[in-house]
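Asker: So here's query.csv, just CSV, C-alpha atoms:
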chain,number,residue,atom,x,y,z
A,1,MET,CA,6.3,-18.0,-1.8
A,2,GLU,CA,4.9,-19.6,-5.0
A,3,PRO,CA,2.9,-17.0,-7.0
A,4,ASN,CA,-0.5,-18.7,-6.6
A,5,ALA,CA,0.0,-19.1,-2.9
A,6,LEU,CA,0.6,-15.3,-2.7
A,7,LYS,CA,-2.5,-14.7,-4.8
A,8,ALA,CA,-4.5,-16.7,-2.2
A,9,VAL,CA,-3.0,-14.7,0.6
A,10,ILE,CA,-3.9,-11.3,-0.8
A,11,SER,CA,-7.4,-12.3,-1.9
A,12,GLN,CA,-8.6,-12.0,1.7
A,13,GLY,CA,-7.9,-10.0,4.8
A,14,LEU,CA,-6.5,-6.5,5.3
A,15,LEU,CA,-3.3,-5.4,3.7
A,16,SER,CA,-1.1,-2.4,4.7
A,17,PHE,CA,2.0,-0.3,3.9
A,18,PRO,CA,4.2,0.2,6.9
A,19,LEU,CA,5.8,3.6,7.2
A,20,THR,CA,9.5,3.8,6.7
A,21,ASP,CA,11.3,5.2,9.8
A,22,PHE,CA,13.7,8.2,9.4
A,23,THR,CA,15.9,10.0,11.9
A,24,ALA,CA,15.4,13.7,12.5
A,25,ASP,CA,17.9,14.4,9.7
A,26,GLY,CA,16.2,12.0,7.3
A,27,ALA,CA,18.4,8.9,7.5
A,28,PHE,CA,16.8,5.5,7.5
A,29,GLU,CA,16.4,4.3,11.0
A,30,PRO,CA,16.4,0.5,11.1
A,31,LYS,CA,15.8,0.0,14.8
A,32,GLY,CA,12.6,2.1,14.7
A,33,TYR,CA,11.4,0.3,11.6
A,34,ALA,CA,12.0,-3.1,13.2
A,35,LYS,CA,10.1,-2.0,16.3
A,36,ARG,CA,7.2,-0.8,14.1
A,37,LEU,CA,6.9,-4.1,12.3
A,38,GLU,CA,6.9,-6.0,15.7
A,39,TRP,CA,4.2,-3.7,16.9
A,40,LEU,CA,2.0,-4.2,13.9
A,41,LYS,CA,2.4,-7.9,13.3
A,42,PRO,CA,0.0,-9.1,16.0
A,43,TYR,CA,-3.0,-7.2,14.6
A,44,GLY,CA,-3.3,-9.7,11.8
A,45,ALA,CA,-2.7,-8.0,8.4
A,46,SER,CA,-2.6,-10.7,5.6
A,47,ALA,CA,0.5,-9.1,4.1
A,48,LEU,CA,2.6,-6.0,4.4
A,49,PHE,CA,4.0,-3.9,1.6
A,50,ALA,CA,7.6,-2.8,2.4
A,51,ALA,CA,8.8,0.4,0.7
A,52,GLY,CA,5.4,1.1,-0.7
A,53,GLY,CA,3.8,4.5,-1.3
A,54,THR,CA,3.1,5.2,2.4
A,55,GLY,CA,6.6,3.8,3.0
A,56,GLU,CA,8.0,6.6,0.8
A,57,LEU,CA,9.5,4.4,-1.9
A,58,PHE,CA,9.8,7.5,-4.1
A,59,SER,CA,12.4,9.0,-1.6
A,60,LEU,CA,14.5,5.9,-1.0
A,61,THR,CA,17.8,5.2,-2.7
A,62,PRO,CA,18.3,1.7,-4.2
A,63,ASP,CA,20.5,0.7,-1.3
A,64,GLU,CA,18.0,2.0,1.3
A,65,HIS,CA,15.3,0.1,-0.5
A,66,LYS,CA,17.2,-3.1,-0.2
A,67,ASP,CA,17.9,-2.5,3.5
A,68,VAL,CA,14.2,-1.8,4.1
A,69,VAL,CA,13.0,-4.9,2.4
A,70,LYS,CA,15.6,-7.1,3.9
A,71,LEU,CA,14.8,-6.0,7.4
A,72,ALA,CA,11.1,-6.3,6.9
A,73,VAL,CA,11.6,-9.9,5.7
A,74,GLU,CA,13.8,-10.7,8.7
A,75,VAL,CA,11.3,-9.3,11.2
A,76,CYS,CA,8.2,-10.8,9.6
A,77,ARG,CA,9.5,-14.0,8.1
A,78,ASP,CA,7.5,-16.4,10.3
A,79,ASP,CA,4.4,-14.3,10.6
A,80,THR,CA,3.5,-12.0,7.7
A,81,PRO,CA,4.4,-12.2,4.0
A,82,ILE,CA,6.3,-9.1,2.8
A,83,ILE,CA,5.6,-7.7,-0.7
A,84,ALA,CA,8.3,-5.2,-1.9
A,85,GLY,CA,7.3,-2.1,-3.7
A,86,VAL,CA,9.4,-1.2,-6.8
A,87,GLY,CA,9.4,1.8,-9.1
A,88,TYR,CA,11.5,4.2,-11.1
A,89,SER,CA,13.0,3.2,-14.4
A,90,THR,CA,12.6,-0.3,-15.8
A,91,ARG,CA,16.2,-1.3,-15.1
A,92,ILE,CA,16.1,0.1,-11.5
A,93,ALA,CA,12.8,-1.6,-10.9
A,94,VAL,CA,14.2,-4.9,-12.1
A,95,GLU,CA,17.3,-4.5,-9.9
A,96,LEU,CA,15.1,-3.8,-6.9
A,97,ALA,CA,12.7,-6.7,-7.7
A,98,GLN,CA,15.6,-9.2,-8.0
A,99,ALA,CA,17.2,-8.0,-4.8
A,100,SER,CA,13.9,-8.3,-3.0
A,101,GLU,CA,13.4,-11.8,-4.2
A,102,ARG,CA,16.9,-12.7,-3.0
A,103,ALA,CA,16.0,-11.2,0.4
A,104,GLY,CA,13.0,-13.5,0.7
A,105,ALA,CA,10.2,-11.2,-0.3
A,106,ALA,CA,7.0,-13.1,-1.1
A,107,GLY,CA,6.1,-10.8,-4.0
A,108,ILE,CA,6.5,-7.5,-5.8
A,109,LEU,CA,4.2,-4.5,-6.2
A,110,VAL,CA,5.0,-2.5,-9.3
A,111,LEU,CA,4.3,1.1,-8.5
A,112,PRO,CA,4.0,3.7,-11.3
A,113,HIS,CA,7.2,4.7,-13.1
A,114,TYR,CA,7.9,8.4,-12.7
A,115,LEU,CA,8.0,11.7,-14.7
A,116,THR,CA,7.4,10.5,-18.2
A,117,GLU,CA,4.1,9.6,-19.8
A,118,ALA,CA,4.1,6.4,-21.8
A,119,ASP,CA,1.9,4.5,-24.2
A,120,GLN,CA,0.1,1.4,-22.9
A,121,ALA,CA,2.4,-0.8,-24.9
A,122,GLY,CA,5.4,0.8,-23.2
A,123,VAL,CA,3.9,0.5,-19.7
A,124,ALA,CA,3.1,-3.2,-20.5
A,125,ALA,CA,6.7,-3.8,-21.6
A,126,HIS,CA,7.9,-2.2,-18.3
A,127,VAL,CA,5.7,-4.6,-16.3
A,128,GLU,CA,6.6,-7.6,-18.4
A,129,GLU,CA,10.4,-7.0,-17.9
A,130,ILE,CA,9.8,-6.9,-14.1
A,131,CYS,CA,7.7,-10.1,-14.2
A,132,ARG,CA,10.3,-11.9,-16.2
A,133,SER,CA,13.1,-10.9,-13.9
A,134,VAL,CA,11.7,-12.8,-10.9
A,135,LYS,CA,9.9,-16.0,-10.1
A,136,ILE,CA,7.8,-14.7,-7.2
A,137,GLY,CA,4.3,-13.1,-7.7
A,138,VAL,CA,3.9,-9.6,-9.1
A,139,ILE,CA,1.0,-7.2,-8.5
A,140,ILE,CA,0.5,-4.1,-10.7
A,141,TYR,CA,-0.6,-0.8,-9.3
A,142,ASN,CA,-2.8,1.1,-11.8
A,143,ARG,CA,-2.3,4.7,-10.8
A,144,ALA,CA,-1.0,8.0,-12.1
A,145,VAL,CA,1.0,7.4,-15.3
A,146,CYS,CA,0.5,3.7,-15.1
A,147,LYS,CA,-2.9,3.2,-16.7
A,148,LEU,CA,-3.4,-0.2,-18.2
A,149,GLY,CA,-6.7,-1.3,-19.7
A,150,PRO,CA,-8.3,-4.7,-20.0
A,151,ASP,CA,-6.8,-5.7,-23.3
A,152,ALA,CA,-3.2,-4.9,-22.3
A,153,LEU,CA,-3.7,-6.7,-19.0
A,154,ALA,CA,-5.1,-9.8,-20.8
A,155,ARG,CA,-2.0,-9.9,-23.0
A,156,LEU,CA,0.3,-9.4,-19.9
A,157,ALA,CA,-1.5,-12.2,-18.0
A,158,GLU,CA,-1.0,-14.6,-20.9
A,159,ARG,CA,2.7,-13.8,-21.2
A,160,CYS,CA,3.5,-13.5,-17.4
A,161,PRO,CA,2.1,-16.4,-15.3
A,162,ASN,CA,3.5,-14.8,-12.1
A,163,LEU,CA,1.5,-11.6,-12.7
A,164,ILE,CA,-1.2,-12.5,-10.0
A,165,GLY,CA,-2.6,-9.2,-8.7
A,166,PHE,CA,-4.2,-6.0,-9.8
A,167,LYS,CA,-4.4,-3.0,-7.5
A,168,ASP,CA,-6.5,0.0,-8.6
A,169,GLY,CA,-5.6,3.6,-7.6
A,170,LEU,CA,-7.4,5.4,-10.3
A,171,GLY,CA,-11.0,5.3,-9.1
A,172,ASP,CA,-12.4,4.8,-12.6
A,173,ILE,CA,-15.3,2.5,-11.8
A,174,GLU,CA,-16.2,1.9,-15.4
A,175,LEU,CA,-12.6,0.8,-16.1
A,176,MET,CA,-12.3,-1.3,-12.9
A,177,THR,CA,-15.6,-3.1,-13.7
A,178,THR,CA,-14.5,-3.8,-17.3
A,179,ILE,CA,-11.2,-5.2,-16.1
A,180,ARG,CA,-12.9,-7.3,-13.4
A,181,ARG,CA,-15.4,-8.7,-15.8
A,182,LYS,CA,-12.8,-9.5,-18.5
A,183,MET,CA,-10.1,-11.0,-16.3
A,184,GLY,CA,-12.4,-12.9,-13.9
A,185,ASP,CA,-10.4,-14.8,-11.3
A,186,ARG,CA,-7.1,-14.5,-13.2
A,187,PHE,CA,-6.0,-11.8,-10.7
A,188,ALA,CA,-6.5,-11.0,-7.1
A,189,TYR,CA,-8.0,-7.5,-7.0
A,190,LEU,CA,-7.1,-4.9,-4.5
A,191,GLY,CA,-8.4,-1.4,-3.8
A,192,GLY,CA,-5.7,1.2,-3.7
A,193,LEU,CA,-7.3,4.6,-3.5
A,194,PRO,CA,-6.2,6.8,-0.6
A,195,THR,CA,-8.0,6.7,1.9
A,196,ALA,CA,-9.1,3.2,1.0
A,197,GLU,CA,-11.8,2.7,3.7
A,198,VAL,CA,-13.9,5.5,2.2
A,199,TYR,CA,-14.0,3.7,-1.1
A,200,ALA,CA,-14.1,0.1,0.2
A,201,PRO,CA,-17.9,-0.4,0.2
A,202,ALA,CA,-18.3,0.7,-3.4
A,203,TYR,CA,-15.3,-1.4,-4.5
A,204,ARG,CA,-16.6,-4.5,-2.6
A,205,ALA,CA,-19.9,-4.1,-4.6
A,206,ILE,CA,-18.0,-4.5,-7.9
A,207,GLY,CA,-16.0,-7.5,-6.8
A,208,VAL,CA,-12.9,-5.9,-5.2
A,209,PRO,CA,-13.2,-7.0,-1.5
A,210,VAL,CA,-9.6,-6.4,-0.4
A,211,TYR,CA,-7.8,-3.1,0.1
A,212,SER,CA,-4.6,-1.7,1.7
A,213,SER,CA,-5.1,0.5,4.8
A,214,ALA,CA,-2.8,3.4,5.5
A,215,VAL,CA,-4.4,4.1,8.9
A,216,PHE,CA,-3.4,0.6,10.0
A,217,ASN,CA,-0.1,2.3,10.7
A,218,PHE,CA,-1.5,4.2,13.7
A,219,ILE,CA,-5.0,2.9,14.5
A,220,PRO,CA,-4.5,-0.8,13.7
A,221,ARG,CA,-7.4,-2.0,15.9
A,222,THR,CA,-9.8,0.3,14.3
A,223,ALA,CA,-8.5,-0.5,10.8
A,224,MET,CA,-9.2,-4.2,11.5
A,225,GLU,CA,-12.6,-3.4,13.1
A,226,PHE,CA,-13.6,-1.5,9.9
A,227,TYR,CA,-12.5,-4.3,7.7
A,228,HIS,CA,-14.3,-7.0,9.6
A,229,ALA,CA,-17.5,-4.9,9.8
A,230,LEU,CA,-17.3,-4.3,6.0
A,231,SER,CA,-16.8,-8.1,5.4
A,232,ALA,CA,-19.8,-8.9,7.6
A,233,GLY,CA,-22.1,-6.3,6.1
A,234,ASP,CA,-22.2,-4.3,9.4
A,235,THR,CA,-23.0,-0.9,7.9
A,236,ALA,CA,-23.8,0.5,11.3
A,237,THR,CA,-20.1,0.2,12.3
A,238,THR,CA,-18.7,1.2,8.9
A,239,ASP,CA,-21.0,4.2,8.6
A,240,ARG,CA,-20.2,5.3,12.2
A,241,LEU,CA,-16.4,5.1,11.6
A,242,ILE,CA,-16.7,7.0,8.3
A,243,ASP,CA,-18.7,9.8,9.9
A,244,GLU,CA,-16.8,10.0,13.2
A,245,PHE,CA,-13.2,9.4,12.0
A,246,PHE,CA,-12.6,9.1,8.3
A,247,LEU,CA,-14.4,12.1,6.9
A,248,PRO,CA,-12.8,14.5,9.5
A,249,TYR,CA,-9.5,12.8,8.8
A,250,LEU,CA,-9.9,13.4,5.1
A,251,ALA,CA,-10.6,17.1,5.7
A,252,ILE,CA,-7.1,17.4,7.2
A,253,ARG,CA,-5.4,15.1,4.7
A,254,ASN,CA,-6.8,17.1,1.7
A,255,ARG,CA,-5.3,20.4,2.8
A,256,ARG,CA,-2.0,19.8,1.0
A,257,ALA,CA,-0.7,17.6,-1.8
A,258,GLY,CA,1.3,14.7,-0.3
A,259,TYR,CA,-0.5,14.8,3.0
A,260,ALA,CA,-1.8,11.2,2.3
A,261,VAL,CA,1.7,10.1,3.6
A,262,SER,CA,2.4,13.0,6.0
A,263,ILE,CA,-0.8,12.6,8.0
A,264,VAL,CA,-0.1,8.9,8.5
A,265,LYS,CA,3.3,9.8,9.9
A,266,ALA,CA,1.6,12.4,12.1
A,267,GLY,CA,-0.8,9.7,13.3
A,268,ALA,CA,2.1,7.4,14.2
A,269,THR,CA,3.6,10.2,16.2
A,270,VAL,CA,0.4,11.0,18.1
A,271,VAL,CA,0.0,7.4,19.2
A,272,GLY,CA,3.6,7.1,20.4
A,273,HIS,CA,5.1,5.2,17.5
A,274,SER,CA,6.8,8.0,15.6
A,275,ALA,CA,8.5,7.2,12.3
A,276,GLY,CA,10.2,10.6,12.2
A,277,PRO,CA,9.7,13.2,9.5
A,278,VAL,CA,8.7,12.8,5.9
A,279,ARG,CA,11.4,13.4,3.3
A,280,ALA,CA,11.3,16.2,0.7
A,281,PRO,CA,9.4,16.8,-1.5
A,282,LEU,CA,6.7,16.0,1.1
A,283,VAL,CA,6.1,18.3,4.0
A,284,ASP,CA,5.1,17.4,7.5
A,285,CYS,CA,1.7,18.2,9.1
A,286,THR,CA,1.7,21.2,11.4
A,287,PRO,CA,1.6,21.1,15.2
A,288,GLN,CA,-2.1,22.2,15.1
A,289,GLU,CA,-2.9,19.4,12.7
A,290,HIS,CA,-1.3,17.0,15.0
A,291,GLU,CA,-3.6,18.1,17.7
A,292,GLU,CA,-6.7,17.9,15.5
A,293,LEU,CA,-5.7,14.4,14.6
A,294,ARG,CA,-5.0,13.5,18.3
A,295,ALA,CA,-8.6,14.5,19.1
A,296,LEU,CA,-10.0,12.2,16.4
A,297,ILE,CA,-7.8,9.3,17.5
A,298,GLU,CA,-8.6,9.6,21.2
A,299,LYS,CA,-12.4,9.3,20.4
A,300,LEU,CA,-11.6,5.8,19.0
A,301,GLY,CA,-10.3,4.5,22.3
A,302,PRO,CA,-7.3,2.3,22.9
A,303,GLN,CA,-5.7,0.5,20.0
Once you've parsed the file, please lay out its structure as structure tokens.
Answerer:
Amino acid sequence: MEPNALKAVISQGLLSFPLTDFTADGAFEPKGYAKRLEWLKPYGASALFAAGGTGELFSLTPDEHKDVVKLAVEVCRDDTPIIAGVGYSTRIAVELAQASERAGAAGILVLPHYLTEADQAGVAAHVEEICRSVKIGVIIYNRAVCKLGPDALARLAERCPNLIGFKDGLGDIELMTTIRRKMGDRFAYLGGLPTAEVYAPAYRAIGVPVYSSAVFNFIPRTAMEFYHALSAGDTATTDRLIDEFFLPYLAIRNRRAGYAVSIVKAGATVVGHSAGPVRAPLVDCTPQEHEELRALIEKLGPQ
């Protein structure tokens, strides 16, 4: 997909990160992953991020990453664009980006590099190498150790025509507003804070109308209902769902570090679409937490 075509796609509609399926002993389970994508496709996400944060990119080997992206493209080729998450060192990220492009991915999401802190010039160089390694569109995820400001982004945008998207996971409204005002329509802007629905009204008010939904993985009808209500200014619906589902859900999610992924896998299990366990260093939700989540999901009705 041509970069500006991808930019148009991700500038509207709901986005999501499918879970990656693992067997009980932690191996990638391709049949389950394909069935998951087939289940989610009809709900109408604008694009799906394969091997993203909720898809446990950080626990995949490079070969597994290639298998995940390749399968996602094969299953969704005629229905939903696949954007591949990449991370780790610059050279590994470039390798994964190029393999994803060869597999037919529509774009690349640059997740934060890991462990080491880096100056903005170094982070920008990392992003630029990835952009220059592919012809498809690239989205940068500002989160954790990847913290680029408006001036660095402006320079990157000038040097990298295929850098078409900016996803925020920092929650710094002053920084986000400054970037949005400086860069204008040069980027598509995505909300990337977990859990995105809670922040979506505030982000929409500053010109970031699109976000990626983790709960789409197990309550896709409700995730779409929330998005459409937000787009229509239906605060009665969004407020009801925040009070009845999202705030109690956050109370469970916030109990342990890493539960932002674990609770999504728990939700998938509750609704009969288990993706297996999380991989270390994450830990799974407890049986009691599964039951608490089940009670919240059942109140939402059929998905």
Asker: Using all atoms listed in the file, can you tell me which of A:Ala154, A:Glu197, A:Gly169, A:Lys135 comes closest to A:Asp185?
Answerer: A:Ala154
Asker: Given only C-alpha atoms as the basis, pick out the residue of A:Ala27, A:Val138, A:Ala124, A:Leu250 nearest to A:Thr61.
Answerer: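 With only C-alpha atoms as the atom set, the closest residue is A:Ala27.
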Asker: Could you pull the residues within 9 Å of A:Gly171, counting all atoms listed in the file, minus those fewer than 5 positions along the same chain, as a PyMOL selection string?
Answerer: chain A and resi 143+176+191-193+199
Asker: Quick one: distance from atom CA of A:Asp78 to atom CA of A:Val127 in Å, one decimal?
Answerer: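 Going from atom CA of A:Asp78 over to atom CA of A:Val127, I get 29.2 Å.
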Asker: Considering all atoms listed in the file, can you say which of A:Glu298, A:Glu56, A:Glu117, A:Asp168 comes closest to A:Phe218?
Answerer: A:Glu298
Asker: If we count only C-alpha atoms and set the cut-off at 12 Å, which residues sit around A:Asp67, ignoring sequence neighbours fewer than 5 positions away in its own chain? Please answer as a list in words.
Answerer: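 Residues near the query, excluding close chain neighbours: Thr20, Asp21, Phe28, Glu29, Pro30, Lys31, Tyr33, Ala34, Ala50, Ala51, Leu60, Thr61, Pro62, Ala72, Val73, Glu74, Ala84, Leu96, Ala99, Ser100 and Ala103 of chain A.
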Asker: Restricting the calculation to only C-alpha atoms: of A:Leu175, A:Ala97, A:Ala106, A:Ala144, which residue gets closest to A:Glu2?
Answerer: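 Among A:Leu175, A:Ala97, A:Ala106, A:Ala144, it is A:Ala106 that comes nearest to A:Glu2.
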Asker: For A:Ala275, which residue out of A:Pro150, A:Ile263, A:Val145, A:Leu156 is the nearest one, using only C-alpha atoms?
Answerer: A:Ile263
Asker: Quick one, how far is atom CA of A:Leu37 from atom CA of A:Ile108?
Answerer: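 Pair atom CA of A:Leu37 / atom CA of A:Ile108 returns 18.4 Å.
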Asker: For A:Ser231, which residue among A:Leu40, A:Ala125, A:Val208, A:Ala5 is the nearest when counting only C-alpha atoms?
Answerer: A:Val208
Asker: Work out how far atom CA of A:Thr90 is from atom CA of A:Lys167, in Å to one decimal.
Answerer: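 For atom CA of A:Lys167 relative to atom CA of A:Thr90, the distance reads 19.1 Å.
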Asker: Counting all atoms listed in the file, select every polymer residue within 10 Å of (-5.3, -14.0, 11.2) as defined in the file's coordinates, and provide the selection as a compact mmCIF listing (two decimals) with C-alpha atoms, in the frame of the given file.
Answerer:
# COMPACT_ATOMS: atom_id res chain seq x y z
CA GLY A 13 -7.90 -10.00 4.80
CA LEU A 14 -6.50 -6.50 5.30
CA PRO A 42 0.00 -9.10 16.00
CA TYR A 43 -3.00 -7.20 14.60
CA GLY A 44 -3.30 -9.70 11.80
CA ALA A 45 -2.70 -8.00 8.40
CA SER A 46 -2.60 -10.70 5.60
CA ASP A 79 4.40 -14.30 10.60
CA THR A 80 3.50 -12.00 7.70
Asker: Need to verify the contact set: A:Leu247, 12 Å, all atoms listed in the file, exclusion of same-chain residues closer than 2 positions in sequence. Can you return it as an NGL selection string?
Answerer: :A and (195-199 or 238-245 or 249-254 or 293 or 296)
Asker: If you count all atoms listed in the file, which residues fall within 9 Å of A:Val86, apart from same-chain ones fewer than 6 positions away, as a list in words?
Answerer: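 My list of contacting residues is Ala51, Gly52, Leu57, His65, Ile92, Ala93, Val94, Leu96, Ala97, Ile108, Leu109, Val110, Leu111, Pro112 and His113 of chain A.
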Asker: Quick one: residues within 10 Å of A:Phe216, all atoms listed in the file counted, chain neighbours fewer than 2 positions away excluded, as a ChimeraX atom specification?
Answerer: /A:14-18,40,43,45,212-214,218-224,264,268
